[in-house]
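Student: Coordinates in data38.txt, compact mmCIF, C-alpha atoms and all ligand atoms, are listed below.
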# COMPACT_ATOMS: atom_id res chain seq x y z
CA MET A 1 -10.60 2.29 -21.07
CA PHE A 2 -13.56 0.75 -19.26
CA PRO A 3 -15.85 -1.88 -20.85
CA LEU A 4 -18.89 0.27 -20.11
CA GLU A 5 -21.53 -1.98 -21.64
CA LYS A 6 -20.38 -4.92 -19.53
CA LEU A 7 -19.95 -2.88 -16.36
CA LYS A 8 -23.46 -1.48 -16.71
CA GLN A 9 -24.92 -4.97 -16.34
CA ILE A 10 -23.27 -5.67 -12.99
CA PRO A 11 -25.02 -4.57 -9.78
CA THR A 12 -23.14 -1.66 -8.21
CA PRO A 13 -21.12 -0.82 -6.22
CA PHE A 14 -18.15 -3.07 -6.94
CA TYR A 15 -14.40 -2.95 -7.38
CA TYR A 16 -13.25 -3.46 -10.92
CA TYR A 17 -9.71 -4.76 -11.33
CA ASP A 18 -7.88 -4.47 -14.63
CA VAL A 19 -5.78 -7.61 -14.65
CA GLU A 20 -3.71 -6.48 -17.58
CA VAL A 21 -2.66 -3.30 -15.78
CA LEU A 22 -1.73 -5.36 -12.72
CA ASN A 23 0.39 -7.71 -14.80
CA ARG A 24 2.14 -4.92 -16.65
CA THR A 25 2.91 -3.22 -13.34
CA LEU A 26 4.32 -6.43 -11.90
CA GLN A 27 6.43 -7.05 -15.00
CA GLN A 28 8.01 -3.61 -14.84
CA LEU A 29 8.53 -3.80 -11.11
CA LYS A 30 10.26 -7.14 -11.36
CA SER A 31 12.46 -6.27 -14.31
CA GLU A 32 13.62 -2.98 -12.73
CA ALA A 33 14.28 -4.60 -9.32
CA ASP A 34 16.18 -7.47 -10.94
CA LYS A 35 18.65 -5.05 -12.49
CA TYR A 36 20.03 -4.43 -9.02
CA GLY A 37 19.37 -7.84 -7.48
CA PHE A 38 16.81 -6.24 -5.13
CA VAL A 39 14.32 -8.48 -3.35
CA VAL A 40 10.70 -7.26 -3.42
CA HIS A 41 7.96 -8.18 -0.96
CA TYR A 42 4.35 -7.23 -1.54
CA ALA A 43 2.53 -5.56 1.37
CA LEU A 44 -0.62 -7.67 1.67
CA LYS A 45 -2.44 -5.00 3.59
CA ALA A 46 -2.88 -2.92 0.41
CA ASN A 47 -5.06 -5.57 -1.22
CA ALA A 48 -5.33 -9.21 -0.18
CA ASN A 49 -7.64 -10.58 -2.88
CA ASN A 50 -6.73 -14.11 -3.94
CA LYS A 51 -6.44 -13.17 -7.57
CA VAL A 52 -4.11 -10.26 -6.80
CA LEU A 53 -1.98 -12.38 -4.47
CA ASN A 54 -1.67 -15.17 -7.01
CA ALA A 55 -0.56 -12.72 -9.67
CA VAL A 56 2.02 -11.19 -7.33
CA LYS A 57 3.29 -14.63 -6.32
CA SER A 58 3.69 -15.68 -9.96
CA TYR A 59 6.36 -12.98 -10.41
CA GLY A 60 8.47 -14.42 -7.61
CA ILE A 61 7.70 -11.59 -5.22
CA GLY A 62 7.63 -12.20 -1.45
CA ALA A 63 5.02 -11.24 1.14
CA ASP A 64 5.14 -8.44 3.71
CA CYS A 65 2.61 -9.00 6.49
CA VAL A 66 1.44 -6.88 9.40
CA SER A 67 -0.86 -9.34 11.17
CA GLY A 68 -1.02 -13.03 11.95
CA ASN A 69 -3.90 -13.48 9.55
CA GLU A 70 -1.88 -11.87 6.78
CA VAL A 71 0.95 -14.31 7.50
CA LYS A 72 -1.64 -17.10 7.36
CA LYS A 73 -3.05 -15.77 4.11
CA ALA A 74 0.43 -15.59 2.58
CA VAL A 75 1.21 -19.16 3.67
CA GLU A 76 -2.12 -20.43 2.38
CA THR A 77 -1.66 -18.63 -0.94
CA GLY A 78 1.58 -20.50 -1.34
CA PHE A 79 4.20 -17.82 -0.70
CA SER A 80 7.16 -19.76 0.56
CA PRO A 81 7.88 -19.04 4.26
CA GLU A 82 11.41 -17.91 3.44
CA HIS A 83 9.83 -15.06 1.47
CA ILE A 84 7.51 -13.88 4.25
CA VAL A 85 8.35 -10.99 6.57
CA PHE A 86 6.20 -9.93 9.51
CA ALA A 87 6.10 -6.36 10.86
CA GLY A 88 3.79 -4.53 13.26
CA VAL A 89 4.07 -2.73 16.60
CA GLY A 90 1.61 -4.99 18.36
CA LYS A 91 2.16 -8.64 17.48
CA SER A 92 0.16 -10.88 19.80
CA ASP A 93 1.53 -14.13 21.25
CA ASP A 94 -0.74 -16.18 18.99
CA GLU A 95 0.43 -14.31 15.92
CA ILE A 96 4.09 -14.75 16.87
CA ASN A 97 3.56 -18.46 17.58
CA TYR A 98 1.91 -18.97 14.21
CA ALA A 99 4.80 -17.27 12.44
CA LEU A 100 7.33 -19.32 14.44
CA ASP A 101 5.53 -22.56 13.58
CA ASN A 102 5.75 -21.64 9.92
CA SER A 103 9.43 -20.62 10.12
CA ILE A 104 8.97 -17.33 8.28
CA PHE A 105 12.02 -15.52 6.94
CA CYS A 106 12.02 -12.67 9.40
CA PHE A 107 10.24 -10.79 12.18
CA ASN A 108 10.60 -7.05 11.77
CA CYS A 109 10.77 -6.12 15.45
CA GLU A 110 9.61 -2.78 16.68
CA SER A 111 10.60 -2.65 20.38
CA SER A 112 12.86 -4.22 23.01
CA GLN A 113 9.73 -5.50 24.76
CA GLU A 114 8.72 -7.38 21.63
CA LEU A 115 12.22 -8.89 21.30
CA GLU A 116 11.89 -10.37 24.78
CA VAL A 117 8.50 -11.89 24.03
CA ILE A 118 9.61 -13.43 20.72
CA ASN A 119 12.70 -14.82 22.45
CA GLU A 120 10.58 -16.43 25.14
CA LEU A 121 8.07 -17.91 22.69
CA ALA A 122 10.85 -19.17 20.41
CA ALA A 123 12.63 -20.75 23.39
CA ALA A 124 9.45 -22.62 24.33
CA LYS A 125 9.48 -24.13 20.85
CA ASN A 126 13.22 -24.74 20.82
CA LYS A 127 13.52 -22.48 17.81
CA VAL A 128 15.66 -19.53 16.84
CA ALA A 129 13.70 -16.61 15.37
CA SER A 130 15.29 -14.46 12.69
CA ILE A 131 15.00 -10.79 13.54
CA ALA A 132 15.36 -7.53 11.66
CA LEU A 133 15.29 -4.47 13.89
CA ARG A 134 12.81 -1.91 12.65
CA ILE A 135 14.70 1.28 13.22
CA ASN A 136 12.96 4.61 13.22
CA PRO A 137 15.36 6.70 11.12
CA ASN A 138 13.68 10.02 11.91
CA VAL A 139 13.29 10.82 8.21
CA ASN A 140 10.34 12.89 7.05
CA ALA A 141 8.38 11.25 4.25
CA ASN A 142 6.63 14.52 3.34
CA THR A 143 3.29 12.83 3.06
CA HIS A 144 -0.02 13.03 4.96
CA LYS A 145 0.57 12.95 8.72
CA TYR A 146 -1.59 9.85 9.16
CA ILE A 147 0.63 7.87 6.80
CA THR A 148 4.00 9.13 8.04
CA THR A 149 5.73 6.45 10.06
CA GLY A 150 9.42 7.28 10.25
CA LEU A 151 9.53 10.19 12.69
CA GLU A 152 10.42 9.91 16.38
CA GLU A 153 6.91 10.97 17.35
CA ASN A 154 5.42 7.98 15.47
CA LYS A 155 4.68 4.74 17.29
CA PHE A 156 6.71 2.63 14.86
CA GLY A 157 10.19 1.20 15.26
CA ILE A 158 13.11 1.52 17.62
CA ASN A 159 14.55 4.99 18.04
CA LEU A 160 18.23 5.63 17.33
CA TRP A 161 18.96 6.57 20.93
CA GLU A 162 17.62 3.19 22.09
CA LEU A 163 19.77 1.21 19.68
CA GLU A 164 22.80 0.66 21.92
CA ASN A 165 20.69 -0.96 24.65
CA VAL A 166 18.68 -3.02 22.21
CA VAL A 167 21.77 -4.35 20.47
CA ASN A 168 23.43 -5.22 23.78
CA SER A 169 20.32 -7.08 24.90
CA PHE A 170 20.82 -9.57 22.07
CA ASN A 171 23.59 -11.31 24.05
CA ALA A 172 21.01 -12.52 26.52
CA LEU A 173 18.35 -13.35 23.97
CA LYS A 174 19.61 -16.76 22.90
CA ASN A 175 16.66 -17.69 20.74
CA LEU A 176 16.96 -14.70 18.45
CA LYS A 177 19.27 -14.17 15.52
CA LEU A 178 19.81 -10.65 14.21
CA ILE A 179 19.72 -10.93 10.43
CA GLY A 180 18.88 -7.44 9.31
CA LEU A 181 17.74 -3.88 9.67
CA HIS A 182 14.33 -2.67 8.63
CA PHE A 183 13.02 0.79 7.81
CA HIS A 184 9.66 2.07 6.57
CA ILE A 185 9.13 5.81 6.60
CA GLY A 186 5.57 6.15 5.33
CA SER A 187 3.23 5.77 2.42
CA GLN A 188 2.21 7.64 -0.75
CA ILE A 189 5.67 9.20 -0.98
CA THR A 190 6.02 11.10 -4.24
CA ASP A 191 9.15 13.07 -3.42
CA LEU A 192 12.01 10.68 -4.17
CA GLY A 193 14.21 13.00 -2.09
CA SER A 194 12.68 11.40 1.01
CA PHE A 195 14.06 8.04 -0.09
CA LYS A 196 17.44 9.63 -0.70
CA SER A 197 17.39 10.96 2.87
CA LEU A 198 16.53 7.44 4.02
CA CYS A 199 19.49 5.98 2.10
CA LEU A 200 21.90 8.45 3.67
CA LYS A 201 20.54 7.69 7.13
CA VAL A 202 20.82 3.94 6.53
CA ASN A 203 24.45 4.42 5.45
CA GLU A 204 25.21 6.14 8.77
CA ILE A 205 23.43 3.46 10.74
CA GLN A 206 25.35 0.75 8.88
CA THR A 207 28.61 2.40 9.92
CA TRP A 208 27.40 2.38 13.52
CA PHE A 209 26.89 -1.40 13.34
CA GLU A 210 30.24 -1.94 11.63
CA GLN A 211 32.01 -0.06 14.40
CA ARG A 212 30.50 -2.59 16.80
CA LYS A 213 31.58 -5.48 14.57
CA ILE A 214 28.00 -6.55 13.97
CA LYS A 215 27.41 -8.07 10.57
CA ILE A 216 24.12 -7.18 8.89
CA GLU A 217 23.05 -9.53 6.10
CA ASN A 218 19.83 -7.81 5.08
CA ILE A 219 18.75 -4.23 4.64
CA ASN A 220 15.01 -3.77 4.25
CA VAL A 221 14.09 -0.25 3.19
CA GLY A 222 10.32 -0.79 3.40
CA GLY A 223 7.81 0.57 0.92
CA GLY A 224 5.87 3.75 0.44
CA LEU A 225 6.41 4.60 -3.22
CA GLY A 226 3.46 6.77 -4.19
CA VAL A 227 1.21 6.74 -7.22
CA ASN A 228 -0.40 9.54 -9.21
CA TYR A 229 -4.01 9.91 -8.06
CA TYR A 230 -4.57 12.98 -10.24
CA GLU A 231 -3.64 11.63 -13.65
CA PRO A 232 -3.98 7.86 -13.48
CA ASP A 233 -4.05 7.36 -17.24
CA THR A 234 -0.83 9.29 -17.85
CA TYR A 235 0.99 7.68 -14.93
CA LEU A 236 -0.57 4.24 -14.93
CA ILE A 237 2.63 2.49 -13.88
CA PRO A 238 4.87 4.07 -11.23
CA ASP A 239 8.40 5.01 -12.23
CA PHE A 240 10.05 1.93 -10.76
CA ALA A 241 13.19 2.59 -12.80
CA ALA A 242 13.85 5.93 -11.07
CA TYR A 243 12.86 4.54 -7.68
CA PHE A 244 15.24 1.58 -7.73
CA LYS A 245 17.99 3.61 -9.38
CA LEU A 246 17.91 6.00 -6.46
CA PHE A 247 18.61 3.18 -4.03
CA GLY A 248 21.21 1.79 -6.43
CA ASP A 249 22.91 5.19 -6.46
CA PHE A 250 22.73 6.19 -2.81
CA LEU A 251 22.49 3.11 -0.64
CA GLU A 252 25.92 1.79 0.31
CA VAL A 253 25.38 -1.91 0.09
CA ARG A 254 27.98 -4.06 1.86
CA LYS A 255 29.44 -7.18 0.34
CA GLY A 256 27.02 -10.10 0.33
CA GLN A 257 24.21 -7.95 1.65
CA LYS A 258 20.70 -8.29 0.27
CA VAL A 259 18.43 -5.28 -0.14
CA HIS A 260 14.71 -5.79 0.41
CA PHE A 261 11.70 -3.64 -0.47
CA GLU A 262 8.09 -3.83 0.69
CA LEU A 263 5.74 -2.22 -1.79
CA GLY A 264 1.97 -2.20 -1.56
CA ARG A 265 0.25 0.79 -3.08
CA ALA A 266 2.60 1.18 -6.04
CA ILE A 267 1.77 -2.36 -7.19
CA VAL A 268 -2.01 -2.43 -6.91
CA ALA A 269 -3.44 1.11 -6.72
CA GLN A 270 -3.87 1.84 -10.42
CA CYS A 271 -5.38 -1.49 -11.43
CA GLY A 272 -8.43 -0.98 -9.21
CA THR A 273 -11.47 1.25 -9.69
CA LEU A 274 -14.57 1.57 -7.56
CA ILE A 275 -17.59 1.49 -9.85
CA SER A 276 -20.78 3.06 -8.58
CA LYS A 277 -24.04 4.42 -9.95
CA VAL A 278 -25.64 7.79 -9.33
CA LEU A 279 -28.77 7.41 -7.23
CA TYR A 280 -29.88 11.01 -7.12
CA ILE A 281 -28.87 14.45 -8.21
CA LYS A 282 -29.91 16.71 -5.37
CA LYS A 283 -29.94 20.45 -5.81
CA GLY A 284 -28.44 22.32 -2.88
CA VAL A 285 -28.24 26.03 -2.10
CA ASN A 286 -24.75 26.61 -3.39
CA THR A 287 -23.99 23.28 -4.86
CA ASN A 288 -25.48 20.20 -6.48
CA PHE A 289 -24.93 16.82 -4.91
CA ALA A 290 -24.35 13.67 -6.90
CA ILE A 291 -25.38 10.95 -4.47
CA LEU A 292 -23.76 7.61 -5.29
CA ASP A 293 -24.63 4.09 -4.24
CA ALA A 294 -21.04 3.70 -2.95
CA GLY A 295 -19.81 5.45 0.15
CA MET A 296 -17.11 5.44 2.80
CA THR A 297 -18.08 1.84 3.58
CA GLU A 298 -16.68 0.83 0.19
CA LEU A 299 -13.85 3.37 -0.08
CA MET A 300 -12.80 4.91 3.21
CA ARG A 301 -9.68 6.81 2.17
CA PRO A 302 -11.34 10.18 1.52
CA ALA A 303 -13.15 10.09 4.89
CA LEU A 304 -10.15 8.70 6.74
CA TYR A 305 -7.40 10.96 5.49
CA GLN A 306 -8.88 13.39 3.03
CA ALA A 307 -7.48 11.34 0.18
CA TYR A 308 -8.18 12.37 -3.39
CA HIS A 309 -9.57 9.98 -5.98
CA LYS A 310 -10.23 11.05 -9.51
CA ILE A 311 -13.94 10.73 -10.26
CA GLU A 312 -15.21 10.14 -13.79
CA ASN A 313 -18.69 9.77 -15.20
CA ILE A 314 -17.94 6.99 -17.65
CA SER A 315 -21.53 6.89 -18.94
CA LYS A 316 -20.78 10.18 -20.59
CA MET A 317 -17.78 8.84 -22.49
CA GLU A 318 -17.77 7.38 -26.00
CA ASP A 319 -15.03 4.95 -26.98
CA GLY A 320 -13.00 6.07 -24.00
CA LYS A 321 -13.25 9.75 -24.94
CA TRP A 322 -15.40 12.56 -23.63
CA LYS A 323 -18.35 13.54 -25.77
CA MET A 324 -17.99 16.74 -27.75
CA GLU A 325 -20.41 19.63 -27.89
CA ASN A 326 -19.77 22.74 -29.99
CA GLY A 327 -16.19 21.62 -30.52
CA GLN A 328 -15.47 21.28 -26.78
CA ASP A 329 -15.32 18.18 -24.68
CA THR A 330 -18.03 17.95 -22.06
CA SER A 331 -15.99 16.34 -19.30
CA ALA A 332 -15.96 19.27 -16.93
CA ILE A 333 -18.83 21.63 -17.49
CA TYR A 334 -20.72 21.13 -14.22
CA LYS A 335 -19.62 20.92 -10.62
CA TYR A 336 -20.98 18.45 -8.09
CA ASP A 337 -20.23 17.45 -4.55
CA VAL A 338 -19.92 13.71 -4.99
CA VAL A 339 -21.13 11.94 -1.85
CA GLY A 340 -22.13 8.51 -0.57
CA PRO A 341 -25.30 7.33 1.16
CA ILE A 342 -23.78 6.78 4.62
CA CYS A 343 -25.04 8.80 7.59
CA GLU A 344 -21.80 10.71 8.16
CA SER A 345 -20.87 14.11 6.78
CA SER A 346 -17.36 12.85 6.06
CA ASP A 347 -18.93 10.43 3.57
CA CYS A 348 -17.89 12.63 0.69
CA PHE A 349 -15.65 11.62 -2.23
CA GLY A 350 -15.03 15.10 -3.51
CA LYS A 351 -16.28 18.67 -3.34
CA ALA A 352 -16.99 20.77 -6.44
CA VAL A 353 -15.88 17.98 -8.74
CA SER A 354 -15.91 18.95 -12.42
CA LEU A 355 -18.03 16.53 -14.39
CA PRO A 356 -20.21 16.35 -17.46
CA GLU A 357 -23.90 16.82 -16.80
CA THR A 358 -24.68 13.89 -14.55
CA GLU A 359 -27.95 12.01 -14.14
CA ARG A 360 -29.49 9.25 -12.10
CA GLY A 361 -28.19 5.88 -13.31
CA ASP A 362 -24.88 7.16 -14.68
CA VAL A 363 -21.90 4.90 -14.04
CA MET A 364 -19.16 6.59 -12.04
CA ALA A 365 -15.55 5.47 -11.76
CA LEU A 366 -13.48 6.30 -8.66
CA ARG A 367 -10.02 5.77 -9.97
CA THR A 368 -6.80 4.51 -8.37
CA ALA A 369 -8.70 2.56 -5.74
CA GLY A 370 -6.85 -0.78 -5.90
CA ALA A 371 -4.78 -0.11 -2.79
CA TYR A 372 -6.29 0.42 0.66
CA GLY A 373 -9.76 0.38 -0.90
CA GLU A 374 -11.51 -2.95 -0.76
CA VAL A 375 -9.40 -4.13 2.21
CA MET A 376 -10.66 -1.22 4.31
CA SER A 377 -14.30 -1.68 3.36
CA SER A 378 -16.74 -2.19 6.22
CA ALA A 379 -20.31 -3.20 6.96
CA TYR A 380 -21.17 0.05 8.76
CA ASN A 381 -24.89 0.87 8.39
CA LEU A 382 -25.24 -2.91 7.85
CA ARG A 383 -24.11 -2.48 4.29
CA ASP A 384 -23.37 -5.50 2.11
CA ARG A 385 -19.69 -6.22 1.68
CA VAL A 386 -18.45 -4.77 -1.60
CA LYS A 387 -17.71 -7.24 -4.40
CA ALA A 388 -14.76 -7.60 -6.75
CA VAL A 389 -14.97 -8.00 -10.52
CA TYR A 390 -11.97 -8.82 -12.72
CA SER A 391 -11.45 -7.65 -16.29
CA ASP A 392 -10.65 -11.14 -17.54
CA GLU A 393 -13.75 -12.71 -16.02
CA ILE A 394 -16.49 -10.57 -17.55
C1 LIG B 1 2.08 -0.51 4.83
C2 LIG B 1 3.46 -1.01 4.87
C3 LIG B 1 4.18 -1.16 3.68
C4 LIG B 1 3.63 -0.80 2.32
O1 LIG B 1 3.39 0.54 2.17
P1 LIG B 1 2.97 1.13 0.72
O2 LIG B 1 2.87 2.57 0.96
O3 LIG B 1 1.66 0.52 0.39
O4 LIG B 1 4.03 0.75 -0.23
C5 LIG B 1 5.46 -1.65 3.77
N1 LIG B 1 6.02 -1.99 4.95
C6 LIG B 1 5.35 -1.85 6.12
C7 LIG B 1 6.00 -2.23 7.37
C8 LIG B 1 4.06 -1.34 6.11
O5 LIG B 1 3.42 -1.21 7.26
Kindly return the structure encoded in the file as structure tokens.
Tutor:
Amino acid sequence: MFPLEKLKQIPTPFYYYDVEVLNRTLQQLKSEADKYGFVVHYALKANANNKVLNAVKSYGIGADCVSGNEVKKAVETGFSPEHIVFAGVGKSDDEINYALDNSIFCFNCESSQELEVINELAAAKNKVASIALRINPNVNANTHKYITTGLEENKFGINLWELENVVNSFNALKNLKLIGLHFHIGSQITDLGSFKSLCLKVNEIQTWFEQRKIKIENINVGGGLGVNYYEPDTYLIPDFAAYFKLFGDFLEVRKGQKVHFELGRAIVAQCGTLISKVLYIKKGVNTNFAILDAGMTELMRPALYQAYHKIENISKMEDGKWKMENGQDTSAIYKYDVVGPICESSDCFGKAVSLPETERGDVMALRTAGAYGEVMSSAYNLRDRVKAVYSDEI
């Protein structure tokens, strides 16, 4: 339930983070992962706000980074370097050097070319870099094609048919130590069957390494657990129990091996909401437009990959419930195309969205926006950078 009276006073648009939801999510995540001794890293790219990072850190969760600045942010936030992993297909020399200087736990390496560069840079510093090979398992995540990463046609990871050469090359790369295997098949995965397919593939790949007498200490299965964008209130916290149980059931963990996860969206999506006000209701030919003061500059996901966010007119709620008229709730009696002010036709949050009768000045909530929302915001059209507001600070 939103503190409407307080939110009304704050200039819009802004991200509103429910700190209690974040903490409850982290508690559940941690307690379910601990049952299996799984190690969890948080993917900073989903949301890198200081307050979020500090909360994550306080639960003993590590950091998963995909840029040098994310590694820097993790170090500066106080994540211990032995809990920082660094992935990405295009790590620059500066980024690699920074990570080497800070002795992070592991580089998740995505190509043989990258292995050579890390080896060279590590040699120059007289260091040995710990490496996990990011293997492309060719498993379909059954999610949007822009957020699928584990198929051969994707740019990520080392393909299975390249593995023999890559593994042999390690003999000559004296400043690298192979400590693990890494996989990440995509994001917003709601079909747990995709993770089962991943487990079975990882089991096969483990056998391949065993046959070559190569010991693998760490298996990192990446992230990608999806959240429910349609019914955020019913499914406020992802089903971590079922998720981890699946890996417990199907992943064949070898003796002494550690299993790592890298979750982003599942941890932070539901605690965040983009709050915006209606500027104008514009009557169209076939449709009415609700024009908001937030647009794709604040929340890019709909424009970028046709993502759905539940839209609510919280001004038309009373005590967290929809107003009643003639015995019926009024939550969905009109339809509006809900759009932003940016000069792009893709700047649209939803077409024919069912809403109560909506007026200028109404406060609108775009739900499930805590992940890949604020971090992707931009200054296009010279817009001000969107602000963050926390439930325990207002
Ligand atoms: C983005 C990313 C993640 C996190 O993905 P979510 O879908 O947010 O859980 C994990 N690992 C890597 C390598 C990533 O690029």
Student: Around all listed atoms of ligand LIG 1 (chain B), padded 5 Å per side, what centre and edge lengths does the axis-aligned box have in Å to one decimal, as JSON?
Tutor:
{"center_x": 3.8, "center_y": 0.2, "center_z": 3.6, "size_x": 14.4, "size_y": 14.8, "size_z": 17.6}
Student: Considering all atoms listed in the file, state which residue in the set A:Leu100, A:Ala33, A:Ala87, A:Ile179 is at the smallest distance from ligand LIG 1 (chain B).
Tutor: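 Under the stated criterion, the closest residue is A:Ala87.
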Student: Find the residues near range 237-250 of chain A: any atom within 8 Å, counting all atoms listed in the file, skip ones fewer than 2 places away on the same chain, and give them as a short mmCIF file (atom, residue, chain, number, x, y, z; two decimals) with C-alpha atoms, in the frame of the given file.
Tutor:
data_model
loop_
_atom_site.label_atom_id
_atom_site.label_comp_id
_atom_site.auth_asym_id
_atom_site.auth_seq_id
_atom_site.Cartn_x
_atom_site.Cartn_y
_atom_site.Cartn_z
CA ARG A 24 2.14 -4.92 -16.65
CA THR A 25 2.91 -3.22 -13.34
CA GLN A 28 8.01 -3.61 -14.84
CA LEU A 29 8.53 -3.80 -11.11
CA GLU A 32 13.62 -2.98 -12.73
CA ALA A 33 14.28 -4.60 -9.32
CA TYR A 36 20.03 -4.43 -9.02
CA LEU A 192 12.01 10.68 -4.17
CA PHE A 195 14.06 8.04 -0.09
CA LYS A 196 17.44 9.63 -0.70
CA CYS A 199 19.49 5.98 2.10
CA LEU A 200 21.90 8.45 3.67
CA LEU A 225 6.41 4.60 -3.22
CA GLY A 226 3.46 6.77 -4.19
CA VAL A 227 1.21 6.74 -7.22
CA ASN A 228 -0.40 9.54 -9.21
CA TYR A 235 0.99 7.68 -14.93
CA GLU A 252 25.92 1.79 0.31
CA ALA A 266 2.60 1.18 -6.04
CA GLN A 270 -3.87 1.84 -10.42
#
Student: Have a look at CA of Ile216 in chain A and CA of Tyr98 in chain A and let me know their distance in Å, one decimal.
Tutor: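 According to the coordinates, CA of Ile216 in chain A and CA of Tyr98 in chain A are separated by 25.7 Å.
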Student: Ligand LIG 1 (chain B): which residues are within 7 Å, counting only C-alpha atoms and all ligand atoms, as a list in words?
Tutor: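 The distance check yields Ala43, Lys45, Ala46, Asp64, Val66, Ala87, Gly88, His184, Gly186, Ser187, Gln188, Gly222, Gly223, Gly224, Leu225, Gly226, Glu262, Leu263, Gly264, Arg265 and Ala266 of chain A.
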Student: Just give me the gap between CA of Asn97 in chain A and CA of Asn136 in chain A in Å, one decimal is fine.
Tutor: 25.3 Å
Student: By how many Å are CA of Trp208 in chain A and CA of Gly62 in chain A apart?
Tutor: 28.8 Å
Student: Taking all atoms listed in the file into account, which of A:Leu44, A:Ile219, A:Ala269, A:Leu22 comes nearest Tyr59 in chain A?
Tutor: A:Leu22
Student: Between A:Asn47, A:Ile275, A:Pro3, A:Asp101, which has the minimum distance to Met376 in chain A (counting only C-alpha atoms)?
Tutor: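 Distance minimum relative to Met376 in chain A lands on A:Asn47.
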Student: Point out the residue among A:Met296, A:Leu236, A:Cys348, A:Ile333 with the least atom-to-atom distance to Arg385 in chain A, counting all atoms listed in the file.
Tutor: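 Closest candidate: A:Met296.
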Student: I need the residue nearest Gly340 in chain A from this list: A:Lys387, A:Ala371, A:Leu279, A:Ala123. Use all atoms listed in the file for the distance.
Tutor: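 Using all atoms listed in the file, Gly340 in chain A sits closest to A:Leu279.
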Student: At a cut-off of 12 Å, using all atoms listed in the file, what residues contact Thr207 in chain A? Leave out same-chain residues fewer than 5 positions from it and give the result as an NGL selection string.
Tutor: :A and (200-202 or 212-216 or 252-254)
Student: Could the residues in this selection be saved with C-alpha atoms as a PDB file, in the coordinates of the input?
Tutor:
ATOM      1  CA  LEU A 200      21.900   8.450   3.670  1.00  0.00           C
ATOM      2  CA  LYS A 201      20.540   7.690   7.130  1.00  0.00           C
ATOM      3  CA  VAL A 202      20.820   3.940   6.530  1.00  0.00           C
ATOM      4  CA  ARG A 212      30.500  -2.590  16.800  1.00  0.00           C
ATOM      5  CA  LYS A 213      31.580  -5.480  14.570  1.00  0.00           C
ATOM      6  CA  ILE A 214      28.000  -6.550  13.970  1.00  0.00           C
ATOM      7  CA  LYS A 215      27.410  -8.070  10.570  1.00  0.00           C
ATOM      8  CA  ILE A 216      24.120  -7.180   8.890  1.00  0.00           C
ATOM      9  CA  GLU A 252      25.920   1.790   0.310  1.00  0.00           C
ATOM     10  CA  VAL A 253      25.380  -1.910   0.090  1.00  0.00           C
ATOM     11  CA  ARG A 254      27.980  -4.060   1.860  1.00  0.00           C
TER      12      ARG A 254
END
Student: Just want the 6 Å neighbourhood of His182 in chain A, counted on only C-alpha atoms, with same-chain residues fewer than 3 positions away dropped. Output as a PyMOL selection string.
Tutor: chain A and resi 132-134+220-221
Student: Ranking A:Asn288, A:Gln306, A:Asn171, A:Gln113 by minimum distance to Lys335 in chain A and counting all atoms listed in the file, which one comes first?
Tutor: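 The answer is A:Asn288, which sits nearest to Lys335 in chain A.
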Student: With a distance cut-off of 10 Å and all atoms listed in the file, select the neighbouring residues of Ser377 in chain A, excluding the residue or stretch itself and same-chain residues fewer than 5 positions from it, and output the selection as a ChimeraX atom specification.
Tutor: /A:295-301,372,383-386
Student: Which polymer residues have any atom within 9 Å of an atom of Asn142 in chain A, counting all atoms listed in the file, with same-chain residues fewer than 4 positions away left out, as a list in words?
Tutor: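 Selected residues are Thr148, Gly186, Ile189, Thr190, Asp191 and Ser194 of chain A.
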